[in-house]
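target-v7.cif, holding mmCIF, N, CA and C atoms and all ligand atoms:
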data_start
#
loop_
_atom_site.group_PDB
_atom_site.id
_atom_site.type_symbol
_atom_site.label_atom_id
_atom_site.label_comp_id
_atom_site.auth_asym_id
_atom_site.auth_seq_id
_atom_site.Cartn_x
_atom_site.Cartn_y
_atom_site.Cartn_z
ATOM 1 N N MET A 924 0.852 -1.190 0.000
ATOM 2 C CA MET A 924 0.000 0.000 0.000
ATOM 3 C C MET A 924 0.890 1.243 0.000
ATOM 4 N N THR A 925 0.512 2.165 -0.814
ATOM 5 C CA THR A 925 1.282 3.397 -0.848
ATOM 6 C C THR A 925 0.348 4.586 -0.861
ATOM 7 N N PHE A 926 0.848 5.675 -0.389
ATOM 8 C CA PHE A 926 0.064 6.892 -0.412
ATOM 9 C C PHE A 926 1.035 8.062 -0.412
ATOM 10 N N ARG A 927 0.487 9.261 -0.396
ATOM 11 C CA ARG A 927 1.332 10.425 -0.489
ATOM 12 C C ARG A 927 1.181 11.321 0.721
ATOM 13 N N LEU A 928 2.267 12.007 1.023
ATOM 14 C CA LEU A 928 2.233 13.012 2.071
ATOM 15 C C LEU A 928 2.616 14.350 1.455
ATOM 16 N N THR A 929 2.154 15.402 2.101
ATOM 17 C CA THR A 929 2.472 16.732 1.608
ATOM 18 C C THR A 929 3.584 17.337 2.446
ATOM 19 N N CYS A 930 4.779 17.374 1.888
ATOM 20 C CA CYS A 930 5.899 18.045 2.540
ATOM 21 C C CYS A 930 5.680 19.548 2.422
ATOM 22 N N PRO A 931 5.902 20.290 3.517
ATOM 23 C CA PRO A 931 5.689 21.737 3.451
ATOM 24 C C PRO A 931 6.660 22.434 2.504
ATOM 25 N N VAL A 932 7.742 21.778 2.179
ATOM 26 C CA VAL A 932 8.730 22.379 1.284
ATOM 27 C C VAL A 932 8.565 21.853 -0.147
ATOM 28 N N CYS A 933 8.421 20.553 -0.273
ATOM 29 C CA CYS A 933 8.464 19.923 -1.590
ATOM 30 C C CYS A 933 7.087 19.646 -2.199
ATOM 31 N N GLY A 934 6.049 19.671 -1.366
ATOM 32 C CA GLY A 934 4.730 19.326 -1.885
ATOM 33 C C GLY A 934 4.470 17.835 -1.744
ATOM 34 N N LYS A 935 3.548 17.345 -2.552
ATOM 35 C CA LYS A 935 3.150 15.952 -2.431
ATOM 36 C C LYS A 935 4.228 15.022 -2.956
ATOM 37 N N ARG A 936 4.586 14.066 -2.086
ATOM 38 C CA ARG A 936 5.599 13.081 -2.453
ATOM 39 C C ARG A 936 5.161 11.704 -1.993
ATOM 40 N N ASP A 937 5.767 10.710 -2.589
ATOM 41 C CA ASP A 937 5.432 9.342 -2.219
ATOM 42 C C ASP A 937 5.879 9.059 -0.787
ATOM 43 N N ILE A 938 5.102 8.227 -0.111
ATOM 44 C CA ILE A 938 5.362 7.917 1.289
ATOM 45 C C ILE A 938 6.750 7.319 1.490
ATOM 46 N N ARG A 939 7.273 6.675 0.490
ATOM 47 C CA ARG A 939 8.579 6.018 0.632
ATOM 48 C C ARG A 939 9.719 7.006 0.821
ATOM 49 N N GLU A 940 9.464 8.258 0.532
ATOM 50 C CA GLU A 940 10.500 9.268 0.745
ATOM 51 C C GLU A 940 10.568 9.733 2.194
ATOM 52 N N PHE A 941 9.576 9.316 2.979
ATOM 53 C CA PHE A 941 9.477 9.831 4.345
ATOM 54 C C PHE A 941 9.768 8.764 5.388
ATOM 55 N N THR A 942 10.115 9.246 6.569
ATOM 56 C CA THR A 942 10.304 8.373 7.720
ATOM 57 C C THR A 942 9.305 8.783 8.796
ATOM 58 N N PHE A 943 8.618 7.789 9.308
ATOM 59 C CA PHE A 943 7.620 8.061 10.341
ATOM 60 C C PHE A 943 8.315 8.439 11.642
ATOM 61 N N GLY A 944 7.839 9.512 12.246
ATOM 62 C CA GLY A 944 8.493 10.006 13.455
ATOM 63 C C GLY A 944 7.672 9.853 14.713
ATOM 64 N N GLY A 945 6.565 9.160 14.616
ATOM 65 C CA GLY A 945 5.757 8.945 15.811
ATOM 66 C C GLY A 945 4.563 9.875 15.870
ATOM 67 N N GLN A 946 3.696 9.524 16.774
ATOM 68 C CA GLN A 946 2.474 10.286 16.917
ATOM 69 C C GLN A 946 2.728 11.560 17.716
ATOM 70 N N GLU A 947 2.015 12.582 17.328
ATOM 71 C CA GLU A 947 2.118 13.847 18.041
ATOM 72 C C GLU A 947 1.703 13.672 19.491
ATOM 73 N N ARG A 948 2.539 14.140 20.403
ATOM 74 C CA ARG A 948 2.261 13.955 21.829
ATOM 75 C C ARG A 948 1.986 15.273 22.538
ATOM 76 N N GLY A 949 1.885 16.313 21.775
ATOM 77 C CA GLY A 949 1.636 17.592 22.420
ATOM 78 C C GLY A 949 2.933 18.226 22.876
ATOM 79 N N PRO A 950 2.836 19.315 23.606
ATOM 80 C CA PRO A 950 4.026 20.049 24.012
ATOM 81 C C PRO A 950 4.900 19.249 24.956
ATOM 82 N N ARG A 951 6.154 19.570 24.953
ATOM 83 C CA ARG A 951 7.104 18.909 25.809
ATOM 84 C C ARG A 951 6.782 19.183 27.276
ATOM 85 N N PRO A 952 6.759 18.164 28.107
ATOM 86 C CA PRO A 952 6.407 18.364 29.510
ATOM 87 C C PRO A 952 7.551 18.984 30.291
ATOM 88 N N GLU A 953 7.445 20.234 30.560
ATOM 89 C CA GLU A 953 8.522 20.914 31.285
ATOM 90 C C GLU A 953 8.077 21.458 32.618
ATOM 91 N N GLN A 954 6.876 21.089 33.033
ATOM 92 C CA GLN A 954 6.423 21.584 34.316
ATOM 93 C C GLN A 954 7.278 21.014 35.439
ATOM 94 N N PRO A 955 7.530 21.785 36.477
ATOM 95 C CA PRO A 955 8.449 21.381 37.546
ATOM 96 C C PRO A 955 8.005 20.117 38.268
ATOM 97 N N GLY A 956 6.704 19.879 38.353
ATOM 98 C CA GLY A 956 6.221 18.753 39.132
ATOM 99 C C GLY A 956 6.292 17.413 38.418
ATOM 100 N N LEU A 957 6.821 17.427 37.207
ATOM 101 C CA LEU A 957 6.847 16.187 36.430
ATOM 102 C C LEU A 957 7.787 15.166 37.070
ATOM 103 N N SER A 958 7.292 13.964 37.238
ATOM 104 C CA SER A 958 8.142 12.935 37.835
ATOM 105 C C SER A 958 9.133 12.421 36.803
ATOM 106 N N ALA A 959 10.188 11.812 37.307
ATOM 107 C CA ALA A 959 11.205 11.267 36.411
ATOM 108 C C ALA A 959 10.606 10.201 35.504
ATOM 109 N N GLU A 960 9.689 9.424 36.058
ATOM 110 C CA GLU A 960 9.088 8.366 35.265
ATOM 111 C C GLU A 960 8.247 8.936 34.138
ATOM 112 N N GLU A 961 7.481 9.986 34.438
ATOM 113 C CA GLU A 961 6.652 10.602 33.409
ATOM 114 C C GLU A 961 7.517 11.175 32.294
ATOM 115 N N HIS A 962 8.574 11.818 32.694
ATOM 116 C CA HIS A 962 9.457 12.394 31.692
ATOM 117 C C HIS A 962 10.128 11.299 30.862
ATOM 118 N N PHE A 963 10.527 10.258 31.523
ATOM 119 C CA PHE A 963 11.152 9.120 30.850
ATOM 120 C C PHE A 963 10.204 8.538 29.809
ATOM 121 N N ARG A 964 8.970 8.340 30.201
ATOM 122 C CA ARG A 964 7.999 7.764 29.276
ATOM 123 C C ARG A 964 7.775 8.676 28.076
ATOM 124 N N TRP A 965 7.700 9.946 28.366
ATOM 125 C CA TRP A 965 7.500 10.889 27.260
ATOM 126 C C TRP A 965 8.654 10.801 26.277
ATOM 127 N N VAL A 966 9.860 10.773 26.839
ATOM 128 C CA VAL A 966 11.038 10.712 25.968
ATOM 129 C C VAL A 966 11.057 9.409 25.186
ATOM 130 N N GLN A 967 10.789 8.316 25.853
ATOM 131 C CA GLN A 967 10.818 7.012 25.201
ATOM 132 C C GLN A 967 9.809 6.918 24.068
ATOM 133 N N PHE A 968 8.583 7.246 24.362
ATOM 134 C CA PHE A 968 7.560 7.090 23.339
ATOM 135 C C PHE A 968 7.721 8.108 22.236
ATOM 136 N N ARG A 969 8.328 9.182 22.564
ATOM 137 C CA ARG A 969 8.536 10.207 21.552
ATOM 138 C C ARG A 969 9.704 9.862 20.639
ATOM 139 N N MET A 970 10.723 9.304 21.242
ATOM 140 C CA MET A 970 11.967 9.112 20.507
ATOM 141 C C MET A 970 12.080 7.757 19.834
ATOM 142 N N ILE A 971 11.184 6.845 20.138
ATOM 143 C CA ILE A 971 11.247 5.543 19.506
ATOM 144 C C ILE A 971 10.020 5.372 18.636
ATOM 145 N N PRO A 972 10.136 5.738 17.388
ATOM 146 C CA PRO A 972 8.982 5.633 16.496
ATOM 147 C C PRO A 972 8.530 4.192 16.345
ATOM 148 N N GLY A 973 7.230 4.036 16.320
ATOM 149 C CA GLY A 973 6.679 2.715 16.109
ATOM 150 C C GLY A 973 7.035 1.746 17.203
ATOM 151 N N ALA A 974 7.032 2.226 18.438
ATOM 152 C CA ALA A 974 7.451 1.391 19.559
ATOM 153 C C ALA A 974 6.424 0.331 19.910
ATOM 154 N N GLY A 975 5.376 0.223 19.143
ATOM 155 C CA GLY A 975 4.437 -0.850 19.370
ATOM 156 C C GLY A 975 3.203 -0.420 20.116
ATOM 157 N N ALA A 976 2.794 -1.232 21.065
ATOM 158 C CA ALA A 976 1.516 -1.024 21.749
ATOM 159 C C ALA A 976 1.552 0.205 22.635
ATOM 160 N N GLU A 977 1.348 1.335 22.027
ATOM 161 C CA GLU A 977 1.324 2.564 22.808
ATOM 162 C C GLU A 977 -0.094 3.077 22.974
ATOM 163 N N ALA A 978 -1.009 2.560 22.204
ATOM 164 C CA ALA A 978 -2.384 3.024 22.312
ATOM 165 C C ALA A 978 -2.967 2.598 23.640
ATOM 166 N N GLY A 979 -3.762 3.459 24.198
ATOM 167 C CA GLY A 979 -4.416 3.139 25.450
ATOM 168 C C GLY A 979 -3.537 3.334 26.662
ATOM 169 N N ALA A 980 -2.401 3.961 26.479
ATOM 170 C CA ALA A 980 -1.494 4.178 27.600
ATOM 171 C C ALA A 980 -1.916 5.377 28.428
ATOM 172 N N GLY A 981 -2.980 6.015 28.034
ATOM 173 C CA GLY A 981 -3.466 7.147 28.805
ATOM 174 C C GLY A 981 -2.885 8.460 28.351
ATOM 175 N N ALA A 982 -1.991 8.419 27.388
ATOM 176 C CA ALA A 982 -1.343 9.649 26.965
ATOM 177 C C ALA A 982 -2.125 10.357 25.864
ATOM 178 N N GLU A 983 -3.060 9.641 25.283
ATOM 179 C CA GLU A 983 -3.750 10.209 24.145
ATOM 180 C C GLU A 983 -4.798 11.232 24.565
ATOM 181 N N ASP A 984 -4.812 12.325 23.886
ATOM 182 C CA ASP A 984 -5.816 13.358 24.098
ATOM 183 C C ASP A 984 -5.921 13.797 25.548
ATOM 184 N N ALA A 985 -4.781 13.908 26.195
ATOM 185 C CA ALA A 985 -4.788 14.349 27.585
ATOM 186 C C ALA A 985 -5.216 15.808 27.661
ATOM 187 N N GLY A 986 -4.815 16.559 26.675
ATOM 188 C CA GLY A 986 -5.193 17.963 26.655
ATOM 189 C C GLY A 986 -6.292 18.203 25.655
ATOM 190 N N ALA A 987 -6.521 19.455 25.342
ATOM 191 C CA ALA A 987 -7.543 19.765 24.360
ATOM 192 C C ALA A 987 -7.030 19.408 22.976
ATOM 193 N N PRO A 988 -7.806 18.710 22.215
ATOM 194 C CA PRO A 988 -7.397 18.407 20.847
ATOM 195 C C PRO A 988 -7.308 19.683 20.029
ATOM 196 N N ALA A 989 -6.156 19.904 19.470
ATOM 197 C CA ALA A 989 -5.938 21.155 18.748
ATOM 198 C C ALA A 989 -6.513 21.073 17.342
ATOM 199 N N GLY A 990 -7.801 21.135 17.275
ATOM 200 C CA GLY A 990 -8.433 21.168 15.968
ATOM 201 C C GLY A 990 -8.501 19.840 15.270
ATOM 202 N N GLY A 991 -8.068 18.787 15.947
ATOM 203 C CA GLY A 991 -8.087 17.493 15.301
ATOM 204 C C GLY A 991 -9.384 16.758 15.561
ATOM 205 N N ARG A 992 -9.844 16.016 14.576
ATOM 206 C CA ARG A 992 -11.024 15.203 14.799
ATOM 207 C C ARG A 992 -10.650 13.976 15.604
ATOM 208 N N ALA A 993 -11.641 13.371 16.199
ATOM 209 C CA ALA A 993 -11.369 12.227 17.066
ATOM 210 C C ALA A 993 -10.848 11.033 16.277
ATOM 211 N N ASP A 994 -11.203 10.971 15.017
ATOM 212 C CA ASP A 994 -10.817 9.799 14.242
ATOM 213 C C ASP A 994 -9.602 10.052 13.359
ATOM 214 N N THR A 995 -8.831 11.058 13.712
ATOM 215 C CA THR A 995 -7.617 11.338 12.959
ATOM 216 C C THR A 995 -6.424 11.336 13.904
ATOM 217 N N ARG A 996 -5.254 11.270 13.302
ATOM 218 C CA ARG A 996 -4.032 11.247 14.087
ATOM 219 C C ARG A 996 -3.084 12.324 13.627
ATOM 220 N N ARG A 997 -2.478 12.974 14.571
ATOM 221 C CA ARG A 997 -1.420 13.929 14.244
ATOM 222 C C ARG A 997 -0.094 13.212 14.391
ATOM 223 N N GLU A 998 0.702 13.337 13.365
ATOM 224 C CA GLU A 998 1.948 12.574 13.336
ATOM 225 C C GLU A 998 3.113 13.432 12.867
ATOM 226 N N TRP A 999 4.288 12.996 13.273
ATOM 227 C CA TRP A 999 5.527 13.608 12.798
ATOM 228 C C TRP A 999 6.086 12.771 11.658
ATOM 229 N N TRP A 1000 6.557 13.462 10.644
ATOM 230 C CA TRP A 1000 7.206 12.791 9.524
ATOM 231 C C TRP A 1000 8.468 13.547 9.145
ATOM 232 N N TYR A 1001 9.434 12.779 8.644
ATOM 233 C CA TYR A 1001 10.731 13.321 8.254
ATOM 234 C C TYR A 1001 10.961 13.050 6.775
ATOM 235 N N HIS A 1002 11.230 14.107 6.025
ATOM 236 C CA HIS A 1002 11.443 13.933 4.589
ATOM 237 C C HIS A 1002 12.915 13.638 4.309
ATOM 238 N N GLY A 1003 13.300 12.431 4.668
ATOM 239 C CA GLY A 1003 14.708 12.045 4.573
ATOM 240 C C GLY A 1003 15.225 11.926 3.151
ATOM 241 N N GLN A 1004 14.346 11.564 2.215
ATOM 242 C CA GLN A 1004 14.773 11.405 0.818
ATOM 243 C C GLN A 1004 14.576 12.697 0.042
ATOM 244 N N GLY A 1005 14.280 13.748 0.784
ATOM 245 C CA GLY A 1005 14.031 15.017 0.105
ATOM 246 C C GLY A 1005 14.780 16.143 0.795
ATOM 247 N N CYS A 1006 14.021 17.068 1.352
ATOM 248 C CA CYS A 1006 14.613 18.288 1.886
ATOM 249 C C CYS A 1006 15.122 18.136 3.314
ATOM 250 N N GLY A 1007 14.796 17.018 3.969
ATOM 251 C CA GLY A 1007 15.287 16.806 5.321
ATOM 252 C C GLY A 1007 14.554 17.589 6.392
ATOM 253 N N VAL A 1008 13.314 17.907 6.139
ATOM 254 C CA VAL A 1008 12.531 18.680 7.101
ATOM 255 C C VAL A 1008 11.602 17.764 7.901
ATOM 256 N N TRP A 1009 11.496 18.063 9.194
ATOM 257 C CA TRP A 1009 10.482 17.423 10.032
ATOM 258 C C TRP A 1009 9.217 18.254 9.967
ATOM 259 N N PHE A 1010 8.092 17.587 9.876
ATOM 260 C CA PHE A 1010 6.829 18.319 9.871
ATOM 261 C C PHE A 1010 5.727 17.445 10.460
ATOM 262 N N ARG A 1011 4.634 18.110 10.801
ATOM 263 C CA ARG A 1011 3.491 17.387 11.332
ATOM 264 C C ARG A 1011 2.400 17.333 10.281
ATOM 265 N N THR A 1012 1.662 16.267 10.306
ATOM 266 C CA THR A 1012 0.501 16.183 9.443
ATOM 267 C C THR A 1012 -0.596 15.431 10.187
ATOM 268 N N THR A 1013 -1.801 15.598 9.708
ATOM 269 C CA THR A 1013 -2.931 14.895 10.312
ATOM 270 C C THR A 1013 -3.472 13.911 9.299
ATOM 271 N N ARG A 1014 -3.562 12.658 9.702
ATOM 272 C CA ARG A 1014 -4.034 11.624 8.797
ATOM 273 C C ARG A 1014 -5.227 10.902 9.389
ATOM 274 N N ASP A 1015 -6.010 10.370 8.480
ATOM 275 C CA ASP A 1015 -7.079 9.469 8.877
ATOM 276 C C ASP A 1015 -6.521 8.055 8.775
ATOM 277 N N PRO A 1016 -6.391 7.346 9.890
ATOM 278 C CA PRO A 1016 -5.760 6.015 9.860
ATOM 279 C C PRO A 1016 -6.547 4.993 9.049
ATOM 280 N N MET A 1017 -7.801 5.268 8.811
ATOM 281 C CA MET A 1017 -8.603 4.331 8.034
ATOM 282 C C MET A 1017 -8.267 4.406 6.542
ATOM 283 N N THR A 1018 -7.949 5.583 6.079
ATOM 284 C CA THR A 1018 -7.712 5.757 4.649
ATOM 285 C C THR A 1018 -6.269 6.134 4.328
ATOM 286 N N ASN A 1019 -5.504 6.482 5.354
ATOM 287 C CA ASN A 1019 -4.130 6.961 5.204
ATOM 288 C C ASN A 1019 -4.059 8.328 4.530
ATOM 289 N N ARG A 1020 -5.193 8.947 4.304
ATOM 290 C CA ARG A 1020 -5.180 10.252 3.653
ATOM 291 C C ARG A 1020 -4.956 11.352 4.665
ATOM 292 N N GLU A 1021 -4.259 12.370 4.209
ATOM 293 C CA GLU A 1021 -4.110 13.560 5.023
ATOM 294 C C GLU A 1021 -5.457 14.271 5.085
ATOM 295 N N VAL A 1022 -5.772 14.834 6.216
ATOM 296 C CA VAL A 1022 -7.051 15.515 6.348
ATOM 297 C C VAL A 1022 -6.868 17.009 6.580
ATOM 298 N N GLU A 1023 -5.613 17.454 6.580
ATOM 299 C CA GLU A 1023 -5.337 18.868 6.742
ATOM 300 C C GLU A 1023 -4.375 19.300 5.665
ATOM 301 N N GLY A 1024 -4.549 20.476 5.195
ATOM 302 C CA GLY A 1024 -3.562 21.036 4.271
ATOM 303 C C GLY A 1024 -3.721 20.556 2.838
ATOM 304 N N GLY A 1025 -4.311 19.396 2.671
ATOM 305 C CA GLY A 1025 -4.484 18.886 1.329
ATOM 306 C C GLY A 1025 -5.686 19.507 0.657
ATOM 307 N N GLY A 1026 -5.716 19.440 -0.618
ATOM 308 C CA GLY A 1026 -6.839 20.000 -1.347
ATOM 309 C C GLY A 1026 -7.827 18.942 -1.777
ATOM 310 N N GLY A 1027 -8.129 18.028 -0.885
ATOM 311 C CA GLY A 1027 -9.064 16.967 -1.247
ATOM 312 C C GLY A 1027 -8.380 15.873 -2.023
ATOM 313 N N GLN A 1028 -9.026 15.374 -3.023
ATOM 314 C CA GLN A 1028 -8.474 14.282 -3.810
ATOM 315 C C GLN A 1028 -7.217 14.751 -4.533
ATOM 316 N N GLY A 1029 -6.163 14.006 -4.383
ATOM 317 C CA GLY A 1029 -4.938 14.428 -5.024
ATOM 318 C C GLY A 1029 -4.596 13.521 -6.147
HETATM 319 ZN ZN ZN B 1 10.551 17.938 1.493
#
Translate the structure described by the file into structure tokens.
Ligand SMILES: [Zn+2]
Amino acid sequence: MTFRLTCPVCGKRDIREFTFGGQERGPRPEQPGLSAEEHFRWVQFRMIPGAGAEAGAGAEDAGAPAGGRADTRREWWYHGQGCGVWFRTTRDPMTNREVEGGGGQG
């Protein structure tokens, strides 16, 4: 299965040019009261893309969803075969289509 992502620099490119960087986890936890374990988990799940069974860990949608629908995912992607930029996009996991920034059917 293949699909396309929209790089903010290069435009629409094949998924094979990109590297998945993990699901968007919201802002970095820098509050003083954060426990070492909480920070560790944030770093681990953030820094190890595709670490497996992360769903249902309680980290999802802890804050207000920033304009995202409930059935979409915000993700980080890296355009390693292109301009080398990290960017976020919102995809529908059912269709793999981007739901933001795109102009509909591409
Ligand atoms: Zn690019």
Requested in this report: Quick one: apply the PyMOL selection byres (((not hetatm)) within 8 of (chain B and resi 1)) to the file and drop the selected residues here as a count of residues only.
Outcome: 16
Report task. Check what the PyMOL selection byres (((chain A and resi 945) around 6) and not hetatm) selects in the file above and give those residues as a ChimeraX atom specification. Result -> /A:943-944,946-947,972-973,997-1000
Could you list, as a PDB file with N, CA and C atoms, in the coordinates of the input, every residue within 8 Å of Met1017 (chain A), counting only N, CA and C atoms and ignoring same-chain residues fewer than 4 positions away?
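Just written: selection_38.pdb:
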ATOM      1  N   ASP A 994     -11.203  10.971  15.017  1.00  0.00           N
ATOM      2  CA  ASP A 994     -10.817   9.799  14.242  1.00  0.00           C
ATOM      3  C   ASP A 994      -9.602  10.052  13.359  1.00  0.00           C
ATOM      4  N   THR A 995      -8.831  11.058  13.712  1.00  0.00           N
ATOM      5  CA  THR A 995      -7.617  11.338  12.959  1.00  0.00           C
ATOM      6  C   THR A 995      -6.424  11.336  13.904  1.00  0.00           C
ATOM      7  N   ARG A 996      -5.254  11.270  13.302  1.00  0.00           N
ATOM      8  CA  ARG A 996      -4.032  11.247  14.087  1.00  0.00           C
ATOM      9  C   ARG A 996      -3.084  12.324  13.627  1.00  0.00           C
TER      10      ARG A 996
END
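Between atom N of Val966 (chain A) and atom C of Ile938 (chain A) there is a distance of 25.8 Å.
Atom C of Arg939 (chain A) is found 16.6 Å from CA of Arg1014 (chain A).
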Query raised in the report: What is the distance between atom C of Val1022 (chain A) and atom C of Lys935 (chain A), in Å to one decimal?
Result: 14.8 Å
Query raised in the report: For Phe941 (chain A), which residue among A:Glu960, A:Pro955, A:Leu928, A:Arg1011 is the nearest when counting only C-alpha atoms?
Result: A:Leu928
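Proximity to Glu940 (chain A) was assessed for A:Arg927, A:Trp965, A:Thr1018, A:Ala959 counting only C-alpha atoms; the smallest distance is recorded for A:Arg927.
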